[in-house]
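Peer 1: My structure is stored as structure_37.cif, with mmCIF, C-alpha atoms.
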data_coords
loop_
_atom_site.label_atom_id
_atom_site.label_comp_id
_atom_site.auth_asym_id
_atom_site.auth_seq_id
_atom_site.Cartn_x
_atom_site.Cartn_y
_atom_site.Cartn_z
CA MET A 1 57.88 66.05 201.37
CA THR A 2 59.83 62.93 202.31
CA ARG A 3 59.31 60.78 205.37
CA THR A 4 61.80 58.03 206.21
CA VAL A 5 61.31 55.29 208.74
CA PRO A 6 64.82 54.08 209.75
CA PRO A 7 65.47 50.37 209.26
CA ASP A 8 66.23 47.95 212.07
CA ARG A 9 68.66 45.55 210.49
CA PRO A 10 69.21 44.24 206.95
CA ALA A 11 66.74 41.79 205.50
CA THR A 12 66.68 39.95 202.11
CA ALA A 13 64.51 39.24 199.11
CA ALA A 14 64.49 37.08 196.04
CA THR A 15 64.93 33.53 195.08
CA THR A 16 62.83 30.93 196.94
CA ALA A 17 63.85 28.16 199.28
CA THR A 18 64.39 25.81 196.37
CA ALA A 19 66.36 28.41 194.43
CA ASP A 20 68.53 29.03 197.49
CA ALA A 21 69.31 25.34 197.74
CA THR A 22 70.08 25.27 194.03
CA ALA A 23 72.32 28.32 194.30
CA THR A 24 74.10 26.78 197.28
CA ALA A 25 74.72 23.59 195.39
CA THR A 26 75.84 25.34 192.20
CA ALA A 27 79.45 24.93 193.17
CA GLY A 28 78.89 21.24 193.86
CA VAL A 29 79.43 18.30 191.59
CA LEU A 30 75.84 17.26 190.95
CA PRO A 31 74.54 20.48 189.29
CA ALA A 32 77.76 20.73 187.26
CA ASP A 33 77.35 17.13 186.09
CA ARG A 34 73.76 17.80 185.10
CA SER A 35 74.82 20.87 183.18
CA VAL A 36 77.50 18.91 181.33
CA GLN A 37 75.02 16.14 180.55
CA ARG A 38 72.51 18.69 179.24
CA ARG A 39 75.12 20.30 176.98
CA LEU A 40 76.32 16.94 175.69
CA ARG A 41 72.74 15.89 174.99
CA HIS A 42 72.10 19.06 172.98
CA TRP A 43 75.37 18.72 171.09
CA VAL A 44 74.74 15.08 170.21
CA ALA A 45 71.33 16.08 168.83
CA GLU A 46 72.93 18.56 166.41
CA PRO A 47 73.47 17.40 162.77
CA VAL A 48 77.13 18.45 162.95
CA TYR A 49 77.76 15.69 165.49
CA ALA A 50 76.67 13.06 162.97
CA TRP A 51 78.93 14.56 160.28
CA LEU A 52 81.94 14.67 162.60
CA THR A 53 81.55 11.10 163.83
CA GLY A 54 80.89 9.84 160.29
CA ALA A 55 84.00 11.60 158.98
CA ALA A 56 86.14 10.34 161.87
CA LEU A 57 84.99 6.73 161.41
CA THR A 58 85.50 6.95 157.64
CA LEU A 59 89.07 8.19 158.18
CA PHE A 60 89.65 5.29 160.57
CA ALA A 61 88.26 2.89 157.93
CA VAL A 62 90.67 4.24 155.29
CA VAL A 63 93.61 3.70 157.63
CA GLU A 64 92.40 0.19 158.47
CA LEU A 65 91.99 -0.70 154.79
CA ALA A 66 95.48 0.58 154.10
CA VAL A 67 96.91 -1.64 156.85
CA VAL A 68 94.74 -4.69 156.08
CA PRO A 69 93.75 -4.44 152.40
CA GLY A 70 90.74 -6.34 151.12
CA SER A 71 88.82 -6.84 147.91
CA ALA A 72 87.19 -3.95 146.09
CA ILE A 73 83.73 -5.06 147.25
CA THR A 74 84.97 -5.22 150.86
CA ALA A 75 86.48 -1.74 150.67
CA PHE A 76 83.31 -0.40 149.08
CA GLY A 77 81.14 -1.91 151.84
CA VAL A 78 83.38 -0.59 154.62
CA LEU A 79 83.49 2.95 153.25
CA VAL A 80 79.75 3.08 152.55
CA CYS A 81 79.07 1.76 156.06
CA THR A 82 81.09 4.51 157.74
CA ALA A 83 80.36 7.41 155.37
CA SER A 84 76.59 6.89 155.48
CA LEU A 85 76.63 7.59 159.22
CA ALA A 86 77.04 11.30 158.45
CA LEU A 87 73.40 11.42 157.30
CA ARG A 88 71.87 9.60 160.24
CA ALA A 89 70.75 12.76 162.09
CA THR A 90 68.59 14.06 159.23
CA ARG A 91 67.76 10.71 157.57
CA PRO A 92 67.63 7.95 160.18
CA ALA A 93 66.55 5.37 157.59
CA VAL A 94 70.12 5.50 156.25
CA GLY A 95 70.83 3.03 159.05
CA PHE A 96 69.54 0.26 156.75
CA LEU A 97 72.25 1.19 154.23
CA THR A 98 74.88 1.30 156.98
CA VAL A 99 74.05 -2.16 158.33
CA GLY A 100 73.59 -3.62 154.83
CA ALA A 101 76.98 -2.35 153.68
CA ALA A 102 78.61 -3.77 156.82
CA LEU A 103 77.07 -7.21 156.23
CA LEU A 104 78.07 -7.05 152.54
CA SER A 105 81.72 -6.41 153.40
CA PHE A 106 81.63 -9.18 156.02
CA ALA A 107 80.06 -11.64 153.58
CA THR A 108 82.70 -11.05 150.90
CA ASP A 109 85.74 -10.92 153.17
CA GLY A 110 84.88 -13.21 156.08
CA ASN A 111 86.57 -10.86 158.55
CA MET A 112 84.68 -7.85 159.89
CA ALA A 113 86.76 -4.68 160.14
CA TYR A 114 86.72 -2.68 163.35
CA ALA A 115 85.30 0.34 161.54
CA THR A 116 82.52 -1.85 160.18
CA ILE A 117 81.69 -3.20 163.63
CA ALA A 118 81.40 0.31 165.06
CA GLY A 119 79.44 1.60 162.05
CA SER A 120 76.94 -1.26 162.07
CA LEU A 121 76.29 -0.87 165.81
CA ILE A 122 75.72 2.88 165.39
CA GLY A 123 73.42 2.16 162.44
CA CYS A 124 71.33 -0.30 164.46
CA TYR A 125 71.22 2.17 167.36
CA THR A 126 70.01 4.91 165.00
CA LEU A 127 67.22 2.70 163.64
CA GLY A 128 66.03 1.92 167.16
CA ARG A 129 66.55 5.47 168.47
CA HIS A 130 64.31 6.99 165.78
CA ARG A 131 62.03 3.93 165.61
CA VAL A 132 62.21 3.70 161.83
CA GLN A 133 60.46 0.35 162.29
CA HIS A 134 59.27 -1.57 165.30
CA PRO A 135 62.25 -2.96 167.24
CA ALA A 136 61.01 -6.53 166.82
CA VAL A 137 60.89 -6.04 163.03
CA LEU A 138 64.39 -4.57 163.03
CA VAL A 139 65.84 -7.43 165.08
CA LEU A 140 64.07 -10.05 162.93
CA ALA A 141 65.33 -8.46 159.70
CA GLY A 142 68.84 -8.22 161.13
CA SER A 143 68.78 -11.85 162.24
CA LEU A 144 67.70 -13.01 158.78
CA ALA A 145 70.44 -10.91 157.16
CA ALA A 146 73.00 -12.36 159.61
CA LEU A 147 71.79 -15.87 158.75
CA ALA A 148 72.20 -15.12 155.04
CA VAL A 149 75.80 -13.95 155.62
CA ASN A 150 76.45 -17.06 157.72
CA LEU A 151 75.14 -19.31 154.92
CA VAL A 152 77.43 -17.58 152.41
CA HIS A 153 80.38 -18.31 154.69
CA ILE A 154 79.32 -21.95 155.18
CA ASP A 155 79.10 -22.39 151.41
CA ARG A 156 82.58 -20.90 151.01
CA TRP A 157 83.97 -23.21 153.70
CA ALA A 158 82.43 -26.17 151.88
CA ARG A 159 84.03 -25.14 148.57
CA ASP A 160 87.38 -23.70 149.59
CA GLY A 161 87.87 -25.05 153.08
CA SER A 162 88.76 -23.04 156.09
CA PRO A 163 91.76 -23.14 158.46
CA GLY A 164 90.90 -25.14 161.54
CA LEU A 165 87.83 -26.75 159.98
CA PRO A 166 87.69 -30.18 158.38
CA ALA A 167 86.22 -30.56 154.92
CA LEU A 168 82.48 -30.15 155.19
CA GLN A 169 80.24 -32.95 154.06
CA GLY A 170 76.58 -32.67 153.10
CA THR A 171 75.18 -33.27 156.59
CA ASP A 172 77.86 -31.11 158.26
CA ARG A 173 76.17 -27.97 156.99
CA PHE A 174 73.47 -28.41 159.65
CA SER A 175 75.89 -28.51 162.56
CA LEU A 176 74.88 -25.85 165.12
CA GLY A 177 78.50 -24.83 165.65
CA LEU A 178 78.64 -23.40 162.15
CA TYR A 179 75.87 -20.91 162.95
CA ALA A 180 77.69 -19.16 165.77
CA GLU A 181 78.07 -16.12 163.52
CA THR A 182 74.30 -15.78 163.30
CA LEU A 183 73.98 -15.91 167.08
CA VAL A 184 76.75 -13.34 167.66
CA LEU A 185 75.45 -10.93 165.02
CA THR A 186 71.86 -11.26 166.29
CA VAL A 187 72.96 -10.46 169.86
CA MET A 188 74.86 -7.39 168.62
CA ILE A 189 71.88 -6.17 166.59
CA LEU A 190 69.48 -6.83 169.47
CA GLY A 191 71.66 -4.92 171.93
CA ALA A 192 72.13 -1.88 169.67
CA VAL A 193 68.46 -1.66 168.64
CA SER A 194 67.27 -2.14 172.23
CA THR A 195 69.62 0.59 173.49
CA GLY A 196 68.37 3.05 170.86
CA ASP A 197 64.74 2.24 171.63
CA ALA A 198 65.35 2.63 175.38
CA VAL A 199 66.93 6.07 174.85
CA ARG A 200 63.98 7.08 172.67
CA ALA A 201 61.50 5.94 175.34
CA ARG A 202 63.41 7.87 178.00
CA GLU A 203 63.37 11.05 175.91
CA GLU A 204 59.65 10.73 175.29
CA THR A 205 59.04 10.19 179.01
CA ARG A 206 61.08 13.27 179.89
CA HIS A 207 59.22 15.40 177.32
CA ALA A 208 55.87 14.10 178.55
CA ARG A 209 56.83 14.89 182.15
CA ALA A 210 57.93 18.40 181.17
CA ALA A 211 54.67 18.96 179.29
CA ALA A 212 52.67 17.72 182.27
CA GLN A 213 54.57 20.04 184.61
CA SER A 214 53.97 22.94 182.23
CA ARG A 215 50.24 22.20 182.16
CA LEU A 216 50.17 21.90 185.96
CA LEU A 217 51.98 25.23 186.36
CA ALA A 218 49.58 26.91 183.94
CA MET A 219 46.63 25.47 185.84
CA GLU A 220 48.03 26.66 189.19
CA ARG A 221 48.56 30.15 187.82
CA ARG A 222 45.05 30.19 186.37
CA GLN A 223 43.62 29.07 189.71
CA ALA A 224 45.69 31.69 191.51
CA ALA A 225 44.38 34.39 189.20
CA GLU A 226 40.80 33.20 189.72
CA ALA A 227 41.27 33.15 193.50
CA GLU A 228 42.76 36.63 193.44
CA ARG A 229 39.90 37.95 191.33
CA ALA A 230 37.46 36.39 193.79
CA ALA A 231 39.25 38.08 196.71
CA ILE A 232 39.22 41.42 194.90
CA ALA A 233 35.52 40.99 194.15
CA ARG A 234 34.82 40.38 197.85
CA GLU A 235 36.76 43.48 198.82
CA LEU A 236 34.95 45.57 196.23
CA HIS A 237 31.67 44.19 197.56
CA ASP A 238 32.58 45.43 201.04
CA MET A 239 33.36 48.91 199.84
CA ILE A 240 30.37 49.21 197.51
CA ALA A 241 28.04 47.63 200.07
CA HIS A 242 29.03 50.24 202.63
CA SER A 243 28.34 53.12 200.26
CA VAL A 244 25.07 51.69 199.00
CA SER A 245 23.85 50.92 202.50
CA VAL A 246 24.56 54.53 203.52
CA ILE A 247 22.51 55.71 200.55
CA ALA A 248 19.63 53.41 201.52
CA VAL A 249 19.64 54.51 205.17
CA ARG A 250 19.88 58.21 204.38
CA ALA A 251 17.15 58.05 201.77
CA GLU A 252 14.89 56.03 204.06
CA SER A 253 15.47 58.31 207.05
CA ALA A 254 14.91 61.47 205.00
CA THR A 255 11.26 60.57 204.59
CA TYR A 256 10.85 60.62 208.39
CA THR A 257 13.19 63.42 209.44
CA THR A 258 11.90 65.95 206.92
CA PRO A 259 8.25 66.60 207.71
CA ASP A 260 7.64 69.22 204.99
CA LEU A 261 8.52 66.91 202.10
CA SER A 262 6.11 66.91 199.21
CA PRO A 263 4.55 63.57 198.23
CA PRO A 264 6.58 63.35 194.97
CA ALA A 265 9.83 63.97 196.87
CA ARG A 266 8.87 61.41 199.51
CA ASP A 267 8.14 58.86 196.77
CA ALA A 268 11.49 59.66 195.13
CA PHE A 269 13.35 59.04 198.41
CA GLN A 270 11.49 55.77 198.89
CA GLU A 271 12.39 54.74 195.36
CA ILE A 272 16.06 55.58 195.99
CA ALA A 273 16.00 53.47 199.18
CA GLY A 274 14.32 50.59 197.38
CA THR A 275 16.82 50.68 194.53
CA ALA A 276 19.70 50.69 197.02
CA ARG A 277 18.29 47.68 198.87
CA SER A 278 17.82 45.86 195.56
CA SER A 279 21.41 46.60 194.61
CA MET A 280 22.55 45.23 197.96
CA ALA A 281 20.63 42.02 197.34
CA GLU A 282 22.25 41.67 193.90
CA LEU A 283 25.68 42.19 195.43
CA ARG A 284 25.02 39.50 198.04
CA ARG A 285 23.90 37.07 195.34
CA LEU A 286 27.03 37.81 193.32
CA LEU A 287 29.20 37.29 196.36
CA GLY A 288 27.44 33.99 197.09
CA VAL A 289 28.88 32.58 193.87
CA LEU A 290 32.40 33.37 195.09
CA ARG A 291 32.11 32.08 198.63
CA THR A 292 33.44 28.68 199.61
CA GLY A 293 30.48 27.83 201.78
CA ASP A 294 32.03 27.66 205.25
CA GLY A 295 30.88 30.12 207.86
CA ALA A 296 34.43 31.20 208.69
CA ALA A 297 34.88 32.64 205.22
CA THR A 298 32.20 35.25 205.82
CA ALA A 299 33.72 36.62 209.01
CA PRO A 300 36.52 38.70 207.44
CA LEU A 301 34.00 40.33 205.09
CA THR A 302 32.74 42.58 207.87
CA ALA A 303 36.21 43.78 208.97
CA PRO A 304 37.44 47.23 207.89
CA GLN A 305 39.60 47.11 204.78
CA PRO A 306 43.23 48.24 205.16
CA SER A 307 44.58 51.41 203.53
CA LEU A 308 47.91 53.14 203.03
CA ALA A 309 47.51 54.71 206.44
CA GLY A 310 48.26 51.28 207.91
CA LEU A 311 51.64 50.84 206.17
CA ASP A 312 53.50 51.76 209.35
CA ASP A 313 51.84 48.89 211.20
CA LEU A 314 52.50 46.58 208.24
CA LEU A 315 56.21 47.40 208.27
CA ASP A 316 56.30 46.93 212.04
CA GLN A 317 54.87 43.44 211.55
CA HIS A 318 57.55 42.76 208.94
CA ARG A 319 60.28 43.81 211.36
CA ALA A 320 58.72 41.79 214.19
CA VAL A 321 59.35 38.56 212.28
CA GLY A 322 63.00 39.40 211.57
CA GLY A 323 62.78 41.52 208.44
CA ALA A 324 64.12 45.01 207.86
CA ALA A 325 62.10 47.60 205.96
CA GLU A 326 62.17 51.31 205.26
CA LEU A 327 59.25 53.49 204.15
CA ARG A 328 59.69 56.57 201.98
CA VAL A 329 56.80 58.80 200.96
CA THR A 330 57.33 61.55 198.38
CA GLY A 331 54.99 63.99 196.74
CA GLU A 332 51.89 65.70 198.05
CA ARG A 333 49.89 63.02 199.80
CA ALA A 334 46.29 62.97 198.60
CA ALA A 335 43.15 61.16 199.64
CA LEU A 336 42.65 58.30 197.20
CA PRO A 337 39.54 56.20 196.53
CA ALA A 338 39.21 53.15 198.74
CA SER A 339 39.98 50.76 195.88
CA TRP A 340 43.34 52.44 195.18
CA GLU A 341 44.25 52.54 198.86
CA LEU A 342 43.42 48.87 199.29
CA SER A 343 45.22 47.70 196.13
CA ALA A 344 48.36 49.67 196.95
CA TYR A 345 48.36 48.28 200.48
CA ARG A 346 47.98 44.69 199.22
CA ILE A 347 50.79 45.12 196.70
CA VAL A 348 53.16 46.33 199.43
CA GLN A 349 52.00 43.52 201.71
CA GLU A 350 52.68 40.85 199.05
CA ALA A 351 56.08 42.39 198.22
CA LEU A 352 57.11 42.18 201.89
CA THR A 353 55.80 38.60 202.09
CA ASN A 354 57.91 37.64 199.07
CA ALA A 355 60.94 39.30 200.65
CA ARG A 356 60.56 37.21 203.80
CA ARG A 357 59.84 34.02 201.92
CA HIS A 358 62.30 34.13 199.03
CA ALA A 359 65.21 36.14 200.40
CA PRO A 360 65.22 36.35 204.20
CA GLY A 361 67.82 38.82 205.38
CA ALA A 362 67.63 41.47 202.65
CA HIS A 363 66.91 45.13 203.30
CA THR A 364 63.59 46.20 201.75
CA VAL A 365 62.74 49.78 200.80
CA VAL A 366 59.07 50.66 200.22
CA GLU A 367 58.46 53.90 198.32
CA LEU A 368 55.20 55.74 197.67
CA HIS A 369 55.23 58.60 195.19
CA TYR A 370 52.15 60.76 194.78
CA GLY A 371 52.18 62.37 191.35
CA PRO A 372 49.54 64.25 189.35
CA GLY A 373 46.87 61.61 188.86
CA LEU A 374 49.31 58.74 189.46
CA LEU A 375 50.34 56.76 192.52
CA THR A 376 53.62 54.84 192.16
CA VAL A 377 54.27 52.00 194.59
CA ARG A 378 57.80 50.60 194.57
CA ALA A 379 59.39 47.88 196.72
CA THR A 380 63.08 47.03 196.25
CA ASP A 381 65.53 44.91 198.18
CA ASP A 382 69.23 44.08 198.12
CA GLY A 383 68.75 40.33 197.84
CA PRO A 384 70.15 38.01 195.13
CA GLY A 385 67.52 39.11 192.62
CA PRO A 386 65.28 37.07 190.33
CA ALA A 387 65.86 33.36 189.89
CA PRO A 388 67.61 32.24 186.66
CA SER A 389 65.36 31.52 183.70
CA GLY A 390 63.88 28.00 183.83
CA SER A 391 64.46 27.53 187.55
CA PRO A 392 61.85 27.86 190.30
CA GLY A 393 61.84 31.48 191.46
CA ARG A 394 59.39 34.28 192.13
CA GLN A 395 56.96 33.40 189.37
CA GLY A 396 54.33 32.41 191.90
CA HIS A 397 50.80 33.32 192.86
CA GLY A 398 51.79 36.56 194.58
CA LEU A 399 53.03 38.21 191.40
CA VAL A 400 49.92 37.08 189.58
CA GLY A 401 47.73 38.65 192.26
CA MET A 402 49.63 41.94 192.23
CA ALA A 403 49.36 42.15 188.44
CA GLU A 404 45.61 41.45 188.67
CA ARG A 405 45.16 44.27 191.19
CA ALA A 406 47.11 46.76 189.11
CA ALA A 407 45.28 45.82 185.90
CA LEU A 408 41.91 46.14 187.64
CA LEU A 409 42.65 49.83 188.30
CA GLY A 410 44.00 50.46 184.79
CA GLY A 411 47.60 50.39 185.96
CA ALA A 412 50.64 48.23 185.28
CA LEU A 413 53.00 46.09 187.34
CA THR A 414 56.74 45.70 186.69
CA THR A 415 58.82 43.01 188.38
CA GLY A 416 62.39 41.83 187.95
CA ARG A 417 65.92 42.80 188.81
CA GLY A 418 66.27 46.23 190.39
CA PRO A 419 68.62 48.99 189.11
CA ALA A 420 71.11 48.25 191.89
CA GLY A 421 70.43 44.51 192.01
CA GLY A 422 67.99 42.63 194.15
CA PHE A 423 64.32 42.31 193.26
CA LEU A 424 62.00 45.13 192.17
CA VAL A 425 58.22 45.38 192.37
CA GLU A 426 56.79 48.59 190.91
CA ALA A 427 53.12 49.37 190.37
CA GLU A 428 51.75 52.44 188.63
CA LEU A 429 48.14 53.14 189.60
CA PRO A 430 46.51 56.04 187.75
CA TRP A 431 43.58 57.70 189.49
#
The structure given in the file should be rewritten as structure tokens.
Peer 2:
Amino acid sequence: MTRTVPPDRPATAATTATADATATATAGVLPADRSVQRRLRHWVAEPVYAWLTGAALTLFAVVELAVVPGSAITAFGVLVCTASLALRATRPAVGFLTVGAALLSFATDGNMAYATIAGSLIGCYTLGRHRVQHPAVLVLAGSLAALAVNLVHIDRWARDGSPGLPALQGTDRFSLGLYAETLVLTVMILGAVSTGDAVRAREETRHARAAAQSRLLAMERRQAAEAERAAIARELHDMIAHSVSVIAVRAESATYTTPDLSPPARDAFQEIAGTARSSMAELRRLLGVLRTGDGAATAPLTAPQPSLAGLDDLLDQHRAVGGAAELRVTGERAALPASWELSAYRIVQEALTNARRHAPGAHTVVELHYGPGLLTVRATDDGPGPAPSGSPGRQGHGLVGMAERAALLGGALTTGRGPAGGFLVEAELPW
């Protein structure tokens, strides 16, 4: 048989307030910029990027050497400086060779090629980015190498002269103006190494923040599962306590309402009553471990537990707050144990709560199918569906609790995109 409760007006289901804001802003500039930045960051981290930039800079160096030819040593230094950049992604220490070749070509020629300037800066950046050595050590070594190149040039000026400079005498070699090359090269090395080290520190901070968020999320999910297990344990206590208390009362009263009982039977009834009271005491002690300690927490424990018979009222509550829901019951309805009734009710309740919270405005259909030894609970909506992977969506405490309830009864919970879109929650509870 099939019973349908007509809906009021469409409702929604699926992504979360944050996901809605993200989806709304997807067409905006900021998310697009972040996506482009993320793709560029991943592409730059690939080894092929290093090979492409190294090849492009080497080709530029060949053209530059053809236009402004230099000595064989200069050409060798320029080509080694640019070609070695192709290995920087897999072997960052090659930056020492890159910078050394650049300084060699500059020392022999006296004029630094544009390709050499770019290659040496990239080499210094690579050394700082991968922290091949401490940045202070890198800058100190670069400054000493720059000073050595400067001294080679000063010696050449003293021997051969230089346009615009008078002939150098012995004491002129210590003039501070002659060491401007050292200052300029040191500033360049310092800037490139510092930039690489700053990028490295930013990456490490981002990874550490992501790891911390992952640990926090795992802790929240673990706490949610523990809280849900505690709630289930309290509910089971209520149901078991009721049954055991009935056994104790009936066994105790049987000894007084049945006058013709034999002494052994009377003792057996008393023993049954005593065992029931002992079991009740053990249940109370077990529940005491789960309680929070405030008196208000104990009040709901005495209230009747809900069952599938109360789904009509639950859907009415959903509609009263602006939702739209439809109930469909198929199969031969059977009387289920209290645990199954309660778990199925809670799963439907949490599915409706998620629909209101994550996708207000979607139309929700709740289906109950009674099969041979199996109760299937399904809740679907026509909302936007699950959130994209990696973004905040429906992976919250509610899904964890529903999975815990289904697993406790030997069943399984399936969540995700529905066959016709939207969000699907389906629980199979064997009984």
Peer 1: Run through the PyMOL selection byres ((chain A and resi 400) around 12) on the given coordinates and return the selected residues as a PyMOL selection string.
Peer 2: chain A and resi 218+220-229+347+350-351+394-399+401-407+412-415
Peer 1: Could those residues be written to a file, using C-alpha atoms, as a JSON list (two decimals), in the coordinates of the input?
Peer 2:
[["chain", "number", "residue", "atom", "x", "y", "z"],
["A", 218, "ALA", "CA", 49.58, 26.91, 183.94],
["A", 220, "GLU", "CA", 48.03, 26.66, 189.19],
["A", 221, "ARG", "CA", 48.56, 30.15, 187.82],
["A", 222, "ARG", "CA", 45.05, 30.19, 186.37],
["A", 223, "GLN", "CA", 43.62, 29.07, 189.71],
["A", 224, "ALA", "CA", 45.69, 31.69, 191.51],
["A", 225, "ALA", "CA", 44.38, 34.39, 189.20],
["A", 226, "GLU", "CA", 40.80, 33.20, 189.72],
["A", 227, "ALA", "CA", 41.27, 33.15, 193.50],
["A", 228, "GLU", "CA", 42.76, 36.63, 193.44],
["A", 229, "ARG", "CA", 39.90, 37.95, 191.33],
["A", 347, "ILE", "CA", 50.79, 45.12, 196.70],
["A", 350, "GLU", "CA", 52.68, 40.85, 199.05],
["A", 351, "ALA", "CA", 56.08, 42.39, 198.22],
["A", 394, "ARG", "CA", 59.39, 34.28, 192.13],
["A", 395, "GLN", "CA", 56.96, 33.40, 189.37],
["A", 396, "GLY", "CA", 54.33, 32.41, 191.90],
["A", 397, "HIS", "CA", 50.80, 33.32, 192.86],
["A", 398, "GLY", "CA", 51.79, 36.56, 194.58],
["A", 399, "LEU", "CA", 53.03, 38.21, 191.40],
["A", 401, "GLY", "CA", 47.73, 38.65, 192.26],
["A", 402, "MET", "CA", 49.63, 41.94, 192.23],
["A", 403, "ALA", "CA", 49.36, 42.15, 188.44],
["A", 404, "GLU", "CA", 45.61, 41.45, 188.67],
["A", 405, "ARG", "CA", 45.16, 44.27, 191.19],
["A", 406, "ALA", "CA", 47.11, 46.76, 189.11],
["A", 407, "ALA", "CA", 45.28, 45.82, 185.90],
["A", 412, "ALA", "CA", 50.64, 48.23, 185.28],
["A", 413, "LEU", "CA", 53.00, 46.09, 187.34],
["A", 414, "THR", "CA", 56.74, 45.70, 186.69],
["A", 415, "THR", "CA", 58.82, 43.01, 188.38]]
Peer 1: Which range 75-103 of chain A residues have any atom within 12 Å of an atom of range 44-52 of chain A, and for each, what is the nearest pair of atoms with distance in Å to one decimal, counting all atoms listed in the file, rows sorted by chain and number, as a Markdown table?
Peer 2:
| residue | atom | partner | partner_atom | distance |
| --- | --- | --- | --- | --- |
| A:Thr82 | CA | A:Trp51 | CA | 10.6 |
| A:Ala83 | CA | A:Trp51 | CA | 8.8 |
| A:Ser84 | CA | A:Trp51 | CA | 9.3 |
| A:Leu85 | CA | A:Ala50 | CA | 6.6 |
| A:Ala86 | CA | A:Trp51 | CA | 4.2 |
| A:Leu87 | CA | A:Ala50 | CA | 6.7 |
| A:Arg88 | CA | A:Ala50 | CA | 6.5 |
| A:Ala89 | CA | A:Pro47 | CA | 5.4 |
| A:Thr90 | CA | A:Pro47 | CA | 6.9 |
| A:Arg91 | CA | A:Pro47 | CA | 10.2 |
| A:Pro92 | CA | A:Ala50 | CA | 10.8 |
Peer 1: Go ahead and save the picked residues with C-alpha atoms, as a CSV table (one decimal), keeping the file's coordinate frame.
Peer 2:
chain,number,residue,atom,x,y,z
A,82,THR,CA,81.1,4.5,157.7
A,83,ALA,CA,80.4,7.4,155.4
A,84,SER,CA,76.6,6.9,155.5
A,85,LEU,CA,76.6,7.6,159.2
A,86,ALA,CA,77.0,11.3,158.4
A,87,LEU,CA,73.4,11.4,157.3
A,88,ARG,CA,71.9,9.6,160.2
A,89,ALA,CA,70.8,12.8,162.1
A,90,THR,CA,68.6,14.1,159.2
A,91,ARG,CA,67.8,10.7,157.6
A,92,PRO,CA,67.6,8.0,160.2
Peer 1: Do you know which residues are at most 9 Å from range 371-373 of chain A counting only C-alpha atoms, after dropping those on the same chain fewer than 4 positions away, and could you put them as a list of chain:residue names?
Peer 2: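 Selected residues are A:Thr330, A:Gly331, A:Glu332, A:Arg333, A:Leu429, A:Pro430, A:Trp431.
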Peer 1: Output C-alpha atoms for every residue in that selection, as a short mmCIF file (atom, residue, chain, number, x, y, z; two decimals), in the coordinates of the input.
Peer 2:
data_model
loop_
_atom_site.label_atom_id
_atom_site.label_comp_id
_atom_site.auth_asym_id
_atom_site.auth_seq_id
_atom_site.Cartn_x
_atom_site.Cartn_y
_atom_site.Cartn_z
CA THR A 330 57.33 61.55 198.38
CA GLY A 331 54.99 63.99 196.74
CA GLU A 332 51.89 65.70 198.05
CA ARG A 333 49.89 63.02 199.80
CA LEU A 429 48.14 53.14 189.60
CA PRO A 430 46.51 56.04 187.75
CA TRP A 431 43.58 57.70 189.49
#
Peer 1: Could you tell me, as a VMD selection string, exactly which residues end up selected when the PyMOL selection byres ((chain A and resi 144-151) around 9) is applied to this structure?
Peer 2: chain A and resid 100 103 to 104 106 to 108 139 to 143 152 to 156 173 178 to 186
Peer 1: Would you write out, as a PyMOL selection string, every residue that the PyMOL selection byres ((chain A and resi 75) around 12) captures in this file?
Peer 2: chain A and resi 58+61-66+68-74+76-83+101-102+104-106+108-109+112-113+115-116
Peer 1: Kindly provide the residues of range 151-262 of chain A that approach range 304-322 of chain A to within 12 Å, each paired with its closest atom pair and their distance in Å to one decimal, based on all atoms listed in the file, listed by chain and increasing number, as a tab-separated table.
Peer 2:
residue	atom	partner	partner_atom	distance
A:Ile232	CA	A:Gln305	CA	11.4
A:Arg234	CA	A:Gln305	CA	10.8
A:Glu235	CA	A:Gln305	CA	7.5
A:Leu236	CA	A:Gln305	CA	9.9
A:His237	CA	A:Gln305	CA	11.1
A:Asp238	CA	A:Gln305	CA	8.1
A:Met239	CA	A:Gln305	CA	8.2
A:Ile240	CA	A:Gln305	CA	11.9
A:His242	CA	A:Pro304	CA	10.4
Peer 1: Please provide as a PyMOL selection string all residues within 8 Å of Gln270 in chain A, with the sequence filter that same-chain residues fewer than 5 positions apart are discarded (counting only C-alpha atoms).
Peer 2: chain A and resi 251-252+255
Peer 1: Just to be explicit: take each residue in the selection above, keep C-alpha atoms, and write the result as a PDB file, in the frame of the given file.
Peer 2:
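Contents of the output file again22.pdb:
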ATOM      1  CA  ALA A 251      17.150  58.050 201.770  1.00  0.00           C
ATOM      2  CA  GLU A 252      14.890  56.030 204.060  1.00  0.00           C
ATOM      3  CA  THR A 255      11.260  60.570 204.590  1.00  0.00           C
TER       4      THR A 255
END
Peer 1: Residues at most 10 Å from Arg250 in chain A, counting only C-alpha atoms, excluding those fewer than 6 positions away in the same chain, as a list of chain:residue names?
Peer 2: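 Contacts, with the query itself left out: A:Val244, A:Thr257, A:Phe269, A:Ile272, A:Ala273.
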Peer 1: Pick the closest to Leu374 in chain A from A:Ala208, A:Leu336, A:Val329, A:Ala136: which is it, counting only C-alpha atoms?
Peer 2: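 Among the listed residues, A:Leu336 lies closest to Leu374 in chain A.
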Peer 1: Need the axis-aligned box for range 351-364 of chain A with 4 Å each side, so what are the centre and edges in Å to one decimal, as lines of an AutoDock Vina configuration file?
Peer 2:
center_x = 61.8
center_y = 40.1
center_z = 201.8
size_x = 20.0
size_y = 20.2
size_z = 15.2
Peer 1: Within 12 Å of Val199 in chain A, counting all atoms listed in the file, which residues qualify if same-chain residues fewer than 3 places away don't, as a PyMOL selection string?
Peer 2: chain A and resi 41+125-131+192-196+202-206
